[in-house]
file query-v4.txt (compact mmCIF, C-alpha atoms)
# COMPACT_ATOMS: atom_id res chain seq x y z
CA MET A 1 20.54 11.03 -24.01
CA ALA A 2 20.73 7.36 -24.85
CA SER A 3 18.14 5.01 -23.45
CA SER A 4 18.66 1.39 -22.47
CA LEU A 5 14.95 0.68 -22.92
CA THR A 6 12.94 -0.53 -25.90
CA CYS A 7 9.57 1.07 -26.74
CA ALA A 8 7.89 -1.56 -24.55
CA GLY A 9 10.47 -0.72 -21.89
CA VAL A 10 9.48 2.96 -21.87
CA ILE A 11 5.83 1.96 -21.39
CA TRP A 12 6.97 -0.44 -18.65
CA ALA A 13 8.91 2.34 -16.89
CA LEU A 14 5.96 4.74 -16.91
CA LEU A 15 3.48 2.05 -15.89
CA SER A 16 5.83 0.84 -13.13
CA PHE A 17 6.02 4.35 -11.72
CA LEU A 18 2.24 4.72 -11.90
CA CYS A 19 1.66 1.36 -10.14
CA ALA A 20 4.24 2.13 -7.44
CA ALA A 21 2.81 5.61 -6.83
CA THR A 22 -0.76 4.26 -6.66
CA SER A 23 0.18 1.54 -4.16
CA CYS A 24 2.34 3.85 -2.03
CA VAL A 25 -0.32 6.60 -1.83
CA GLY A 26 -2.99 4.04 -0.94
CA PHE A 27 -0.73 2.46 1.69
CA PHE A 28 0.07 5.79 3.36
CA MET A 29 -3.51 7.12 3.44
CA PRO A 30 -5.69 6.25 6.46
CA TYR A 31 -8.79 5.52 4.37
CA TRP A 32 -8.79 1.71 4.13
CA LEU A 33 -11.87 1.37 6.32
CA TRP A 34 -14.72 3.86 6.91
CA GLY A 35 -17.15 3.98 9.82
CA SER A 36 -18.53 6.35 12.45
CA GLN A 37 -18.28 6.76 16.18
CA LEU A 38 -20.15 9.22 18.43
CA GLY A 39 -21.74 10.67 15.29
CA LYS A 40 -18.37 11.51 13.67
CA PRO A 41 -16.79 9.83 10.62
CA VAL A 42 -13.83 7.57 11.47
CA SER A 43 -11.35 5.95 9.10
CA PHE A 44 -8.48 3.50 9.51
CA GLY A 45 -5.38 2.59 7.53
CA THR A 46 -2.90 -0.08 8.51
CA PHE A 47 -0.87 2.26 10.75
CA ARG A 48 -2.87 5.52 10.70
CA ARG A 49 -6.30 6.61 11.88
CA CYS A 50 -8.59 9.63 11.45
CA SER A 51 -10.80 10.73 14.38
CA TYR A 52 -10.36 9.12 17.78
CA PRO A 53 -12.20 9.31 21.13
CA VAL A 54 -10.74 11.08 24.15
CA HIS A 55 -12.21 11.72 27.60
CA ASP A 56 -13.12 15.39 28.10
CA GLU A 57 -12.43 16.14 31.79
CA SER A 58 -14.45 19.37 31.87
CA ARG A 59 -17.64 17.79 30.48
CA GLN A 60 -16.94 14.32 31.91
CA MET A 61 -17.74 12.59 28.63
CA MET A 62 -16.10 11.04 25.58
CA VAL A 63 -15.58 13.38 22.62
CA MET A 64 -14.12 12.75 19.16
CA VAL A 65 -10.94 14.52 18.09
CA GLU A 66 -11.23 14.97 14.33
CA GLU A 67 -7.57 14.66 13.33
CA CYS A 68 -5.54 12.13 11.36
CA GLY A 69 -2.28 10.66 12.58
CA ARG A 70 -0.12 7.60 13.10
CA TYR A 71 -0.48 5.38 16.10
CA ALA A 72 1.85 6.49 18.90
CA SER A 73 3.89 3.28 18.63
CA PHE A 74 4.06 0.16 16.51
CA GLN A 75 2.47 -1.77 19.39
CA GLY A 76 -0.36 0.79 19.40
CA ILE A 77 -1.66 -0.57 16.08
CA PRO A 78 -4.96 -2.27 17.05
CA SER A 79 -4.15 -5.85 16.01
CA ALA A 80 -1.21 -8.14 15.28
CA GLU A 81 -2.65 -8.76 11.81
CA TRP A 82 -2.52 -5.04 11.02
CA ARG A 83 1.07 -4.86 12.27
CA ILE A 84 2.06 -7.70 9.93
CA CYS A 85 0.04 -6.05 7.16
CA THR A 86 1.94 -2.77 7.69
CA ILE A 87 5.34 -4.49 7.40
CA VAL A 88 4.41 -6.70 4.42
CA THR A 89 2.64 -3.95 2.46
CA GLY A 90 5.38 -1.41 3.20
CA LEU A 91 8.04 -3.84 2.00
CA GLY A 92 6.07 -4.53 -1.18
CA CYS A 93 5.62 -0.81 -1.87
CA GLY A 94 9.36 -0.28 -1.33
CA LEU A 95 10.21 -2.97 -3.90
CA LEU A 96 7.78 -1.51 -6.47
CA LEU A 97 9.22 1.97 -5.91
CA LEU A 98 12.82 0.73 -6.23
CA VAL A 99 12.09 -0.97 -9.57
CA ALA A 100 10.07 2.02 -10.84
CA LEU A 101 12.87 4.50 -10.12
CA THR A 102 15.45 2.16 -11.72
CA ALA A 103 13.20 1.79 -14.77
CA LEU A 104 12.85 5.58 -15.09
CA MET A 105 16.64 5.93 -14.87
CA GLY A 106 16.86 3.41 -17.71
CA CYS A 107 15.10 5.95 -19.93
CA CYS A 108 18.09 8.27 -19.62
CA VAL A 109 21.10 5.98 -19.03
CA SER A 110 22.39 3.73 -21.78
CA GLU A 111 23.19 0.09 -20.96
CA LEU A 112 21.56 0.29 -17.52
CA ILE A 113 18.81 -2.21 -18.24
CA SER A 114 19.65 -5.26 -20.31
CA ARG A 115 17.17 -8.03 -21.08
CA THR A 116 18.40 -9.98 -18.06
CA VAL A 117 18.13 -6.97 -15.73
CA GLY A 118 14.64 -6.28 -17.07
CA ARG A 119 13.54 -9.83 -16.30
CA VAL A 120 15.03 -9.66 -12.80
CA ALA A 121 13.25 -6.32 -12.26
CA GLY A 122 10.01 -7.95 -13.40
CA GLY A 123 10.54 -10.73 -10.86
CA ILE A 124 11.08 -8.15 -8.11
CA GLN A 125 7.88 -6.39 -9.17
CA PHE A 126 6.01 -9.68 -9.05
CA LEU A 127 7.31 -10.27 -5.51
CA GLY A 128 6.40 -6.70 -4.48
CA GLY A 129 2.89 -7.12 -5.87
CA LEU A 130 2.48 -10.44 -4.05
CA LEU A 131 3.59 -8.85 -0.75
CA ILE A 132 1.09 -6.02 -1.15
CA GLY A 133 -1.61 -8.53 -2.10
CA ALA A 134 -0.80 -10.54 1.02
CA GLY A 135 -1.07 -7.37 3.10
CA CYS A 136 -4.49 -6.57 1.60
CA ALA A 137 -5.60 -10.15 2.33
CA LEU A 138 -4.41 -9.90 5.95
CA TYR A 139 -6.15 -6.57 6.62
CA PRO A 140 -9.70 -8.00 7.15
CA LEU A 141 -8.33 -10.31 9.86
CA GLY A 142 -7.98 -7.24 12.09
CA TRP A 143 -11.63 -6.20 11.86
CA ASP A 144 -12.38 -7.99 15.13
CA SER A 145 -10.17 -5.61 17.17
CA GLU A 146 -11.82 -3.46 19.83
CA GLU A 147 -11.13 -0.15 18.03
CA VAL A 148 -12.76 -1.37 14.83
CA ARG A 149 -15.71 -2.90 16.70
CA GLN A 150 -16.34 0.46 18.46
CA THR A 151 -16.51 2.13 15.05
CA CYS A 152 -18.47 -0.60 13.23
CA GLY A 153 -21.25 -0.97 15.79
CA TYR A 154 -19.81 -3.92 17.78
CA ILE A 155 -20.96 -6.32 15.05
CA SER A 156 -17.78 -6.50 12.98
CA GLY A 157 -15.50 -9.51 12.97
CA GLN A 158 -12.85 -11.07 10.78
CA PHE A 159 -13.99 -10.59 7.15
CA ASP A 160 -17.25 -9.05 8.47
CA LEU A 161 -17.47 -5.26 8.14
CA GLY A 162 -20.51 -4.73 10.33
CA LYS A 163 -21.65 -1.12 9.75
CA CYS A 164 -18.34 -0.06 8.20
CA GLU A 165 -17.29 -0.03 4.56
CA ILE A 166 -14.03 -0.42 2.68
CA GLY A 167 -12.40 2.87 1.71
CA TRP A 168 -10.81 4.00 -1.56
CA ALA A 169 -7.22 3.66 -0.29
CA TYR A 170 -7.61 -0.11 0.13
CA TYR A 171 -8.74 -0.46 -3.48
CA CYS A 172 -6.00 1.93 -4.64
CA THR A 173 -3.27 -0.13 -2.94
CA GLY A 174 -4.61 -3.42 -4.30
CA ALA A 175 -5.12 -2.07 -7.83
CA GLY A 176 -1.52 -0.83 -8.01
CA ALA A 177 -0.26 -4.24 -6.89
CA ALA A 178 -2.51 -6.12 -9.33
CA ALA A 179 -1.36 -3.97 -12.25
CA ALA A 180 2.27 -4.51 -11.22
CA ILE A 181 1.80 -8.29 -11.17
CA LEU A 182 -0.25 -8.59 -14.36
CA LEU A 183 1.13 -5.86 -16.63
CA CYS A 184 4.52 -4.66 -15.39
CA THR A 185 5.93 -8.15 -14.85
CA TRP A 186 4.99 -9.09 -18.42
CA LEU A 187 6.29 -5.85 -19.98
CA ALA A 188 9.56 -6.14 -18.04
CA CYS A 189 10.47 -9.19 -20.13
CA PHE A 190 10.62 -6.97 -23.25
CA SER A 191 12.00 -3.83 -21.62
CA GLY A 192 15.77 -4.10 -22.09
CA LYS A 193 17.67 -3.84 -25.33
CA LYS A 194 19.89 -6.69 -26.38
CA GLN A 195 23.40 -5.88 -25.21
CA LYS A 196 26.09 -5.26 -27.78
CA GLN A 197 28.76 -7.87 -27.99
CA TYR A 198 32.18 -6.25 -27.84
CA PRO A 199 35.08 -8.07 -29.53
CA TYR A 200 38.09 -8.55 -27.24
call {"tool": "encode", "arguments": {"input": "query-v4.txt", "output": "structure tokens"}}
result
Amino acid sequence: MASSLTCAGVIWALLSFLCAATSCVGFFMPYWLWGSQLGKPVSFGTFRRCSYPVHDESRQMMVMVEECGRYASFQGIPSAEWRICTIVTGLGCGLLLLVALTALMGCCVSELISRTVGRVAGGIQFLGGLLIGAGCALYPLGWDSEEVRQTCGYISGQFDLGKCEIGWAYYCTGAGAAAAILLCTWLACFSGKKQKQYPY
């Protein structure tokens, strides 16, 4: 099989896939923020949550259901900032994944990725990384929502964690985006082979 990628391009393709997978996994996992409520561990993502309180009719008290799931609706996400974060980060992850899959196809398909296409792909990766970075920057603005304050001891606020701590998925998402911006964008410039000039 002929490849349209240079040696740097093959490294770019593999690294692009790794960055996209890291960001996408981090985005999907509900472990961006850790805390506890009613003695049970609670975690939040941008659109998912693990452990939530429900009223037990038989005992007439609040109990924690230890399950993970998405919010019932988009409006159910605790804050407007987290809703924006979900859209922006999801869009960024989609762009990184699109470029990564195209780059991997370039390993097997000749003349798929030229120097120009590689540079455009690098620009798209840069944009995707910026969108994810913007989403990560927006996330702390939602720490003043009622759900988060219940979990963080009613002392959390914007950019103030209270008794909570940042989870691994937040770092995972941000690290994938940072690597895409710093490494993949640079490698993309050297990824495509110079196209052959055909005489007409």
call {"tool": "residues_around", "arguments": {"input": "query-v4.txt", "residues": "Gly162 of chain A", "least_positions_apart": "5", "cutoff": "6 Å", "atoms": "only C-alpha atoms", "output": "PyMOL selection string"}}
result
chain A and resi 152+155-156
call {"tool": "closest_residue", "arguments": {"input": "query-v4.txt", "among": "A:Ala21, A:Val65, A:Leu183, A:Gly153", "to": "Leu96 of chain A", "atoms": "all atoms listed in the file"}}
result
A:Ala21
call {"tool": "residues_around", "arguments": {"input": "query-v4.txt", "residues": "segment 131-140 of chain A", "least_positions_apart": "5", "cutoff": "12 Å", "atoms": "all atoms listed in the file", "output": "PyMOL selection string"}}
result
chain A and resi 19-20+22-24+26-27+32-33+44-47+78-96+124-126+145+148+156-162+164-166+169-181
call {"tool": "atom_distance", "arguments": {"input": "query-v4.txt", "atom1": "atom CA of Val120 of chain A", "atom2": "atom CA of Val99 of chain A"}}
result
9.7 Å
call {"tool": "closest_residue", "arguments": {"input": "query-v4.txt", "among": "A:Val117, A:Met105, A:Val54, A:Leu130", "to": "Ser3 of chain A", "atoms": "only C-alpha atoms"}}
result
A:Met105
call {"tool": "atom_distance", "arguments": {"input": "query-v4.txt", "atom1": "atom CA of Tyr154 of chain A", "atom2": "atom CA of Pro30 of chain A"}}
result
20.8 Å
call {"tool": "atom_distance", "arguments": {"input": "query-v4.txt", "atom1": "atom CA of Leu5 of chain A", "atom2": "atom CA of Ser191 of chain A"}}
result
5.5 Å
call {"tool": "closest_residue", "arguments": {"input": "query-v4.txt", "among": "A:Phe28, A:Trp168, A:Arg48, A:Thr102", "to": "Phe74 of chain A", "atoms": "all atoms listed in the file"}}
result
A:Arg48
call {"tool": "residues_around", "arguments": {"input": "query-v4.txt", "residues": "segment 49-53 of chain A", "least_positions_apart": "2", "cutoff": "12 Å", "atoms": "all atoms listed in the file", "output": "PDB file with C-alpha atoms, in the coordinates of the input"}}
result
ATOM      1  CA  PHE A  28       0.070   5.790   3.360  1.00  0.00           C
ATOM      2  CA  MET A  29      -3.510   7.120   3.440  1.00  0.00           C
ATOM      3  CA  PRO A  30      -5.690   6.250   6.460  1.00  0.00           C
ATOM      4  CA  TYR A  31      -8.790   5.520   4.370  1.00  0.00           C
ATOM      5  CA  TRP A  32      -8.790   1.710   4.130  1.00  0.00           C
ATOM      6  CA  LEU A  33     -11.870   1.370   6.320  1.00  0.00           C
ATOM      7  CA  TRP A  34     -14.720   3.860   6.910  1.00  0.00           C
ATOM      8  CA  GLY A  35     -17.150   3.980   9.820  1.00  0.00           C
ATOM      9  CA  SER A  36     -18.530   6.350  12.450  1.00  0.00           C
ATOM     10  CA  GLN A  37     -18.280   6.760  16.180  1.00  0.00           C
ATOM     11  CA  LEU A  38     -20.150   9.220  18.430  1.00  0.00           C
ATOM     12  CA  GLY A  39     -21.740  10.670  15.290  1.00  0.00           C
ATOM     13  CA  LYS A  40     -18.370  11.510  13.670  1.00  0.00           C
ATOM     14  CA  PRO A  41     -16.790   9.830  10.620  1.00  0.00           C
ATOM     15  CA  VAL A  42     -13.830   7.570  11.470  1.00  0.00           C
ATOM     16  CA  SER A  43     -11.350   5.950   9.100  1.00  0.00           C
ATOM     17  CA  PHE A  44      -8.480   3.500   9.510  1.00  0.00           C
ATOM     18  CA  GLY A  45      -5.380   2.590   7.530  1.00  0.00           C
ATOM     19  CA  THR A  46      -2.900  -0.080   8.510  1.00  0.00           C
ATOM     20  CA  PHE A  47      -0.870   2.260  10.750  1.00  0.00           C
ATOM     21  CA  HIS A  55     -12.210  11.720  27.600  1.00  0.00           C
ATOM     22  CA  ASP A  56     -13.120  15.390  28.100  1.00  0.00           C
ATOM     23  CA  MET A  61     -17.740  12.590  28.630  1.00  0.00           C
ATOM     24  CA  MET A  62     -16.100  11.040  25.580  1.00  0.00           C
ATOM     25  CA  VAL A  63     -15.580  13.380  22.620  1.00  0.00           C
ATOM     26  CA  MET A  64     -14.120  12.750  19.160  1.00  0.00           C
ATOM     27  CA  VAL A  65     -10.940  14.520  18.090  1.00  0.00           C
ATOM     28  CA  GLU A  66     -11.230  14.970  14.330  1.00  0.00           C
ATOM     29  CA  GLU A  67      -7.570  14.660  13.330  1.00  0.00           C
ATOM     30  CA  CYS A  68      -5.540  12.130  11.360  1.00  0.00           C
ATOM     31  CA  GLY A  69      -2.280  10.660  12.580  1.00  0.00           C
ATOM     32  CA  ARG A  70      -0.120   7.600  13.100  1.00  0.00           C
ATOM     33  CA  TYR A  71      -0.480   5.380  16.100  1.00  0.00           C
ATOM     34  CA  ALA A  72       1.850   6.490  18.900  1.00  0.00           C
ATOM     35  CA  GLY A  76      -0.360   0.790  19.400  1.00  0.00           C
ATOM     36  CA  ILE A  77      -1.660  -0.570  16.080  1.00  0.00           C
ATOM     37  CA  PRO A  78      -4.960  -2.270  17.050  1.00  0.00           C
ATOM     38  CA  GLU A 147     -11.130  -0.150  18.030  1.00  0.00           C
ATOM     39  CA  VAL A 148     -12.760  -1.370  14.830  1.00  0.00           C
ATOM     40  CA  GLN A 150     -16.340   0.460  18.460  1.00  0.00           C
ATOM     41  CA  THR A 151     -16.510   2.130  15.050  1.00  0.00           C
TER      42      THR A 151
END
call {"tool": "closest_residue", "arguments": {"input": "query-v4.txt", "among": "A:Glu111, A:Arg119, A:Trp143, A:Gly106", "to": "Ile11 of chain A", "atoms": "only C-alpha atoms"}}
result
A:Gly106
call {"tool": "closest_residue", "arguments": {"input": "query-v4.txt", "among": "A:Thr6, A:Gln60, A:Ser110, A:Gln75", "to": "Cys189 of chain A", "atoms": "all atoms listed in the file"}}
result
A:Thr6
call {"tool": "closest_residue", "arguments": {"input": "query-v4.txt", "among": "A:Leu112, A:Ala121, A:Leu127, A:Leu14", "to": "Leu98 of chain A", "atoms": "only C-alpha atoms"}}
result
A:Ala121
call {"tool": "build_atoms", "arguments": {"input": "query-v4.txt", "residues": "segment 93-107 of chain A", "atoms": "N, CA and C atoms", "output": "short mmCIF file (atom, residue, chain, number, x, y, z; two decimals), in the coordinates of the input"}}
result
data_model
loop_
_atom_site.label_atom_id
_atom_site.label_comp_id
_atom_site.auth_asym_id
_atom_site.auth_seq_id
_atom_site.Cartn_x
_atom_site.Cartn_y
_atom_site.Cartn_z
N CYS A 93 5.61 -2.15 -1.26
CA CYS A 93 5.62 -0.81 -1.87
C CYS A 93 7.06 -0.33 -2.11
N GLY A 94 7.94 -0.65 -1.16
CA GLY A 94 9.36 -0.28 -1.33
C GLY A 94 9.99 -0.96 -2.54
N LEU A 95 9.68 -2.24 -2.73
CA LEU A 95 10.21 -2.97 -3.90
C LEU A 95 9.67 -2.39 -5.20
N LEU A 96 8.36 -2.10 -5.25
CA LEU A 96 7.78 -1.51 -6.47
C LEU A 96 8.41 -0.15 -6.77
N LEU A 97 8.63 0.64 -5.72
CA LEU A 97 9.22 1.97 -5.91
C LEU A 97 10.67 1.88 -6.38
N LEU A 98 11.42 0.94 -5.83
CA LEU A 98 12.82 0.73 -6.23
C LEU A 98 12.91 0.38 -7.72
N VAL A 99 12.08 -0.56 -8.16
CA VAL A 99 12.09 -0.97 -9.57
C VAL A 99 11.63 0.18 -10.46
N ALA A 100 10.60 0.91 -10.04
CA ALA A 100 10.07 2.02 -10.84
C ALA A 100 11.12 3.10 -11.05
N LEU A 101 11.84 3.45 -9.99
CA LEU A 101 12.87 4.50 -10.12
C LEU A 101 14.04 4.01 -10.99
N THR A 102 14.39 2.73 -10.86
CA THR A 102 15.45 2.16 -11.72
C THR A 102 15.01 2.16 -13.17
N ALA A 103 13.74 1.81 -13.41
CA ALA A 103 13.20 1.79 -14.77
C ALA A 103 13.21 3.19 -15.38
N LEU A 104 12.83 4.20 -14.58
CA LEU A 104 12.85 5.58 -15.09
C LEU A 104 14.27 6.04 -15.39
N MET A 105 15.24 5.60 -14.58
CA MET A 105 16.64 5.93 -14.87
C MET A 105 17.08 5.28 -16.18
N GLY A 106 16.53 4.10 -16.47
CA GLY A 106 16.86 3.41 -17.71
C GLY A 106 16.45 4.18 -18.95
N CYS A 107 15.50 5.11 -18.80
CA CYS A 107 15.10 5.95 -19.93
C CYS A 107 16.20 6.92 -20.33
#
